[in-house]
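Asks: This is the structure I have questions about; it appears just below.
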Amino acid sequence: TGEFEAGFEINEDLPSSQQQNMGQTREHIILSRGLGVSQLIVVVNKLDASDPPWSQQRFEHIKSRLLPFLHSNGFQQKRIRFIPISGLTGVNVKEKLGKQAEELAKWYNGPTLLKAIDDFLPAQRNVEKPLRMIVSDVYSEGRGVIAKARVTQGLLQVGDKVAVLPIGDEAVVGRIEHGKATSASASPYSYAPSSTTTSSSSPGENADRSQIAIAGDSIDIVLTGIDIARTSPGCILSHTESHLRPPVKKKIIAKILSMESLLVPIIRGSQVLLHMHSIDVPAAITKLVCTTKRNTTKTQERPRMITGGSNATVEVTMKERICMEEFSACRSLGRFVLRRGGDTIAVGVIEQILG
């Protein structure tokens with residue numbers, strides 16, 4: 001049994017208590033899809049240690065075992081790429097050099113790992129939607145409060161007034177700071193002002209960009225008119241108009257997918273920890289609406305429990321009100337992970353917000 005089998009394969013003859021300790025490859029795949037990952041690179045490492053070294057047969061075996069599971073979890077074939085490498089020697093990580101690379105080149109003519117990462121499709125920026133910013137950290141500086149945040153959708157500019165939710169206080173954006181590239185020339189994925197300008201750059205182009213932030217940007221913003229005690233990691237910044245703010249509620253109807261390694265079934269009244277972006281909130285499963293076993297179409301209404309590897313619709317009630325939205329309206333505020341006793345038991349998306 002190799003390392004791949006130890007982390008992925010399930011022995012049906014073993015009890016579930018032993019299957020839980022057989023590795024986390026399956027769980028990581030389910031979690032990544034549940035948290036919004038749509039493009040995936042499967043790096044097949046240590047292929048230089050196979051028998052024989054750089055075995056195409058071993059590579060194809062791993063690929064054939066993983067692909068059906070990736071497809072069943074919603075990954076599209078055109079968004080998956082398998083890359084053979086040797087992390088120890090560096091073969092096919094950045095370059096294809098040396099005698100080992102010659103062995104690999106006999107059957108593999110694809111890109112290196114870094115080239116495959118560079119080939120990722122850029123994420124769609126939902127600039128036209130209402131502003132949603134997720135704060136990951138806050139600290140004070142002078143008279144203002146600096147918040148590290150990611151703009152998940154919408155547009156923000158210096159001078160805008162924003163609502164800090166779920167508290168509801170308002171603040172003014174005093175300054176926006178974009179991250180800077182560490183290399184001599186800015187990354188094509190960074191909007192940081194370059195240290196040098198070219199004659200083709202229009203006057204004020206960088207200055208204009210430094211005054212705004214759009215969906216997809218990770219920025220530091222200076223907020224004025226608010227006390228740092230009224231802010232915290234996990235709070236949401238939005239427009240001040242009431243109809244443009246996300247709901248602040250505590251009860252939802254959600255679709256969840258339970259982990260295959262689930263030992264104790266989920267029942268009505270189960271106490272869980274709901275993890276969403278930067279926050280963890282105690283919650284309870286207050287109603288089991290229906291459940292569907294994976295790879296089947298048979299639905300059971302009002303089930304008594306949810307076992308491992310099941311799709312289900314449940315009602316979840318949080319201990320406190322938080323900012324959240326239906327997944328169709330805002331993906332970042334509409335997906336979550338349920339944990340219990342330190343273990344991930346399910347991933348889910350919000351279908352409906354109740355109250």
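Scheme for the structure tokens: letters A, B, ... for chains in order shown; per-chain residue numbers from 1; ligand numbers from 1 in order shown.
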Leaving out region 91-107 of chain A and any residue of its chain fewer than 5 positions from it, which residues lie within 9 Å of it when counting only C-alpha atoms, given as a list in words?
Replies: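 Counting only C-alpha atoms, the residues come to Asp48, Pro53, Trp54, Ser55, Gln56, Ile83, Pro84, Ile85, Ser86, Thr112, Leu113, Leu114 and Lys115 of chain A.
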Asks: Run DSSP on the backbone and tell me which residues of region 51-89 of chain A come out as strand (DSSP E); list them as a list in words.
Replies: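 Those residues are Ile80, Arg81, Phe82, Ile83 and Pro84 of chain A.
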Asks: Please compute the CA of Arg33 (chain A)-CA of Arg150 (chain A) distance, one decimal, in Å.
Replies: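 Those two atoms sit 20.0 Å apart.
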Asks: Closest to Leu262 (chain A) among A:Asn73, A:Thr307, A:Asn109, A:Thr313, using only C-alpha atoms?
Replies: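 Of the candidates, the smallest distance to Leu262 (chain A) is held by A:Thr307.
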Asks: Which of these residues is nearest to Lys255 (chain A), using only C-alpha atoms: A:Val135, A:Val151, A:Leu88, A:Val289?
Replies: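 With only C-alpha atoms as the atom set, the closest residue is A:Val289.
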Asks: Near Ile228 (chain A), within 9 Å and counting only C-alpha atoms, which residues show up once chain neighbours fewer than 2 positions away are dropped, as a short mmCIF file (atom, residue, chain, number, x, y, z; two decimals) with N, CA, C and O atoms, in the first residue's frame?
Replies:
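Output file selection_7.cif follows:
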data_model
loop_
_atom_site.label_atom_id
_atom_site.label_comp_id
_atom_site.auth_asym_id
_atom_site.auth_seq_id
_atom_site.Cartn_x
_atom_site.Cartn_y
_atom_site.Cartn_z
N VAL A 138 -8.40 43.55 12.36
CA VAL A 138 -8.53 44.99 12.62
C VAL A 138 -7.49 45.42 13.65
O VAL A 138 -7.14 44.65 14.54
N TYR A 139 -7.00 46.63 13.49
CA TYR A 139 -6.10 47.23 14.49
C TYR A 139 -6.16 48.74 14.33
O TYR A 139 -6.56 49.27 13.29
N SER A 140 -5.79 49.44 15.39
CA SER A 140 -5.89 50.90 15.39
C SER A 140 -4.58 51.52 14.96
O SER A 140 -3.49 50.98 15.20
N GLY A 144 -7.66 56.50 13.28
CA GLY A 144 -8.49 55.62 12.48
C GLY A 144 -8.34 54.16 12.87
O GLY A 144 -7.52 53.79 13.71
N VAL A 145 -9.16 53.33 12.26
CA VAL A 145 -9.12 51.88 12.44
C VAL A 145 -8.75 51.26 11.10
O VAL A 145 -9.38 51.54 10.08
N ILE A 146 -7.71 50.44 11.10
CA ILE A 146 -7.29 49.77 9.87
C ILE A 146 -7.89 48.37 9.84
O ILE A 146 -7.76 47.60 10.80
N ILE A 226 -15.47 55.58 13.74
CA ILE A 226 -15.91 54.37 14.44
C ILE A 226 -14.83 53.93 15.42
O ILE A 226 -13.62 54.12 15.16
N ARG A 230 -15.92 48.45 18.22
CA ARG A 230 -17.15 48.14 17.48
C ARG A 230 -16.87 47.34 16.22
O ARG A 230 -17.78 47.07 15.44
N THR A 231 -15.62 46.97 16.02
CA THR A 231 -15.25 46.16 14.86
C THR A 231 -14.56 44.89 15.34
O THR A 231 -14.04 44.84 16.46
N SER A 232 -14.52 43.88 14.48
CA SER A 232 -13.86 42.63 14.83
C SER A 232 -13.66 41.80 13.58
O SER A 232 -14.37 42.01 12.57
#
Asks: Do you have the CA of Cys323 (chain A)-CA of Ser218 (chain A) distance handy?
Replies: 19.6 Å
Asks: Of the candidates A:Ala229, A:Leu354, A:Val248, A:Leu274, which shows the shortest atom-to-atom distance to Leu165 (chain A), using only C-alpha atoms?
Replies: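 Selected residue with least distance to Leu165 (chain A): A:Val248.
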Asks: Please, what distance in Å, to one decimal, runs between CA of Ala329 (chain A) and CA of Ile350 (chain A)?
Replies: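 Pair CA of Ala329 (chain A) / CA of Ile350 (chain A) returns 9.9 Å.
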Asks: Residues near Met324 (chain A), anyone? I mean within 8 Å using only C-alpha atoms, not counting same-chain ones fewer than 3 positions away, as a count of residues only.
Replies: 6
Asks: Nearest residue to Leu156 (chain A) out of A:Gly216, A:Pro52, A:Gly110, A:Gly179, using only C-alpha atoms?
Replies: A:Gly216
Asks: Please provide the set of residues having any atom within 12 Å of Glu315 (chain A), restricted to only C-alpha atoms, with same-chain residues fewer than 6 positions apart removed, written as an MDAnalysis selection string.
Replies: chainID A and resid 250:256 267:270 283:290 302 348:355
Asks: Produce a file of the selected residues containing N, CA and C atoms, as a short mmCIF file (atom, residue, chain, number, x, y, z; two decimals), in the first residue's frame.
Replies:
data_model
loop_
_atom_site.label_atom_id
_atom_site.label_comp_id
_atom_site.auth_asym_id
_atom_site.auth_seq_id
_atom_site.Cartn_x
_atom_site.Cartn_y
_atom_site.Cartn_z
N LYS A 250 -30.46 34.50 12.16
CA LYS A 250 -29.89 33.39 12.91
C LYS A 250 -30.47 32.03 12.52
N LYS A 251 -31.42 32.00 11.57
CA LYS A 251 -32.02 30.72 11.20
C LYS A 251 -32.04 30.59 9.67
N ILE A 252 -31.64 29.42 9.17
CA ILE A 252 -31.54 29.21 7.72
C ILE A 252 -32.03 27.81 7.34
N ILE A 253 -32.38 27.68 6.07
CA ILE A 253 -32.56 26.37 5.45
C ILE A 253 -31.36 26.17 4.53
N ALA A 254 -30.67 25.05 4.68
CA ALA A 254 -29.43 24.84 3.94
C ALA A 254 -29.36 23.44 3.37
N LYS A 255 -28.63 23.33 2.26
CA LYS A 255 -28.28 22.04 1.70
C LYS A 255 -26.89 21.67 2.20
N ILE A 256 -26.74 20.48 2.74
CA ILE A 256 -25.45 20.06 3.26
C ILE A 256 -25.04 18.73 2.65
N ILE A 267 -28.48 14.25 13.95
CA ILE A 267 -29.90 14.12 14.28
C ILE A 267 -30.45 15.50 14.66
N ARG A 268 -31.75 15.57 14.77
CA ARG A 268 -32.37 16.82 15.20
C ARG A 268 -31.90 17.16 16.60
N GLY A 269 -31.44 18.41 16.77
CA GLY A 269 -30.90 18.85 18.05
C GLY A 269 -29.40 18.76 18.16
N SER A 270 -28.72 18.21 17.15
CA SER A 270 -27.26 18.11 17.18
C SER A 270 -26.63 19.49 17.34
N ALA A 283 -24.13 26.54 16.84
CA ALA A 283 -25.42 26.39 16.18
C ALA A 283 -26.01 25.03 16.51
N ALA A 284 -27.26 24.84 16.10
CA ALA A 284 -27.94 23.57 16.32
C ALA A 284 -28.73 23.20 15.07
N ILE A 285 -28.79 21.90 14.79
CA ILE A 285 -29.63 21.40 13.70
C ILE A 285 -31.04 21.26 14.27
N THR A 286 -31.94 22.16 13.90
CA THR A 286 -33.26 22.18 14.51
C THR A 286 -34.32 21.42 13.72
N LYS A 287 -34.00 21.04 12.48
CA LYS A 287 -34.97 20.28 11.70
C LYS A 287 -34.28 19.55 10.57
N LEU A 288 -34.64 18.30 10.35
CA LEU A 288 -34.16 17.53 9.21
C LEU A 288 -35.28 17.49 8.17
N VAL A 289 -35.10 18.21 7.06
CA VAL A 289 -36.15 18.34 6.06
C VAL A 289 -36.21 17.11 5.17
N CYS A 290 -35.08 16.77 4.55
CA CYS A 290 -35.04 15.59 3.69
C CYS A 290 -33.58 15.19 3.48
N ARG A 302 -38.28 14.03 5.97
CA ARG A 302 -38.23 14.04 7.43
C ARG A 302 -37.50 12.81 7.98
N GLY A 348 -21.88 22.99 3.45
CA GLY A 348 -23.21 23.33 2.98
C GLY A 348 -23.31 24.71 2.38
N VAL A 349 -24.46 24.97 1.76
CA VAL A 349 -24.78 26.29 1.20
C VAL A 349 -26.18 26.67 1.66
N ILE A 350 -26.38 27.97 1.78
CA ILE A 350 -27.66 28.50 2.27
C ILE A 350 -28.65 28.59 1.12
N GLU A 351 -29.81 27.97 1.29
CA GLU A 351 -30.88 28.03 0.30
C GLU A 351 -31.89 29.13 0.62
N GLN A 352 -32.17 29.29 1.91
CA GLN A 352 -33.20 30.25 2.32
C GLN A 352 -32.88 30.76 3.72
N ILE A 353 -33.11 32.06 3.94
CA ILE A 353 -32.91 32.67 5.25
C ILE A 353 -34.28 32.88 5.88
N LEU A 354 -34.46 32.34 7.09
CA LEU A 354 -35.77 32.37 7.73
C LEU A 354 -35.95 33.53 8.69
N GLY A 355 -35.03 33.71 9.61
CA GLY A 355 -35.23 34.79 10.57
C GLY A 355 -34.19 34.77 11.67
#
Asks: Can you tell me which residues surround Gly225 (chain A) at a distance of at most 10 Å, considering only C-alpha atoms, apart from same-chain residues fewer than 3 positions away, and format the answer as a list in words?
Replies: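 The filter keeps Arg143, Gly144, Val145, Lys161, Asp169, Glu170, Ala171, Val172, Val173, Gly174 and Ile228 of chain A.
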Asks: Rank nothing, just name the residue among A:His239, A:Arg26, A:Arg175, A:Arg245 nearest to Asp220 (chain A), using only C-alpha atoms.
Replies: A:Arg175
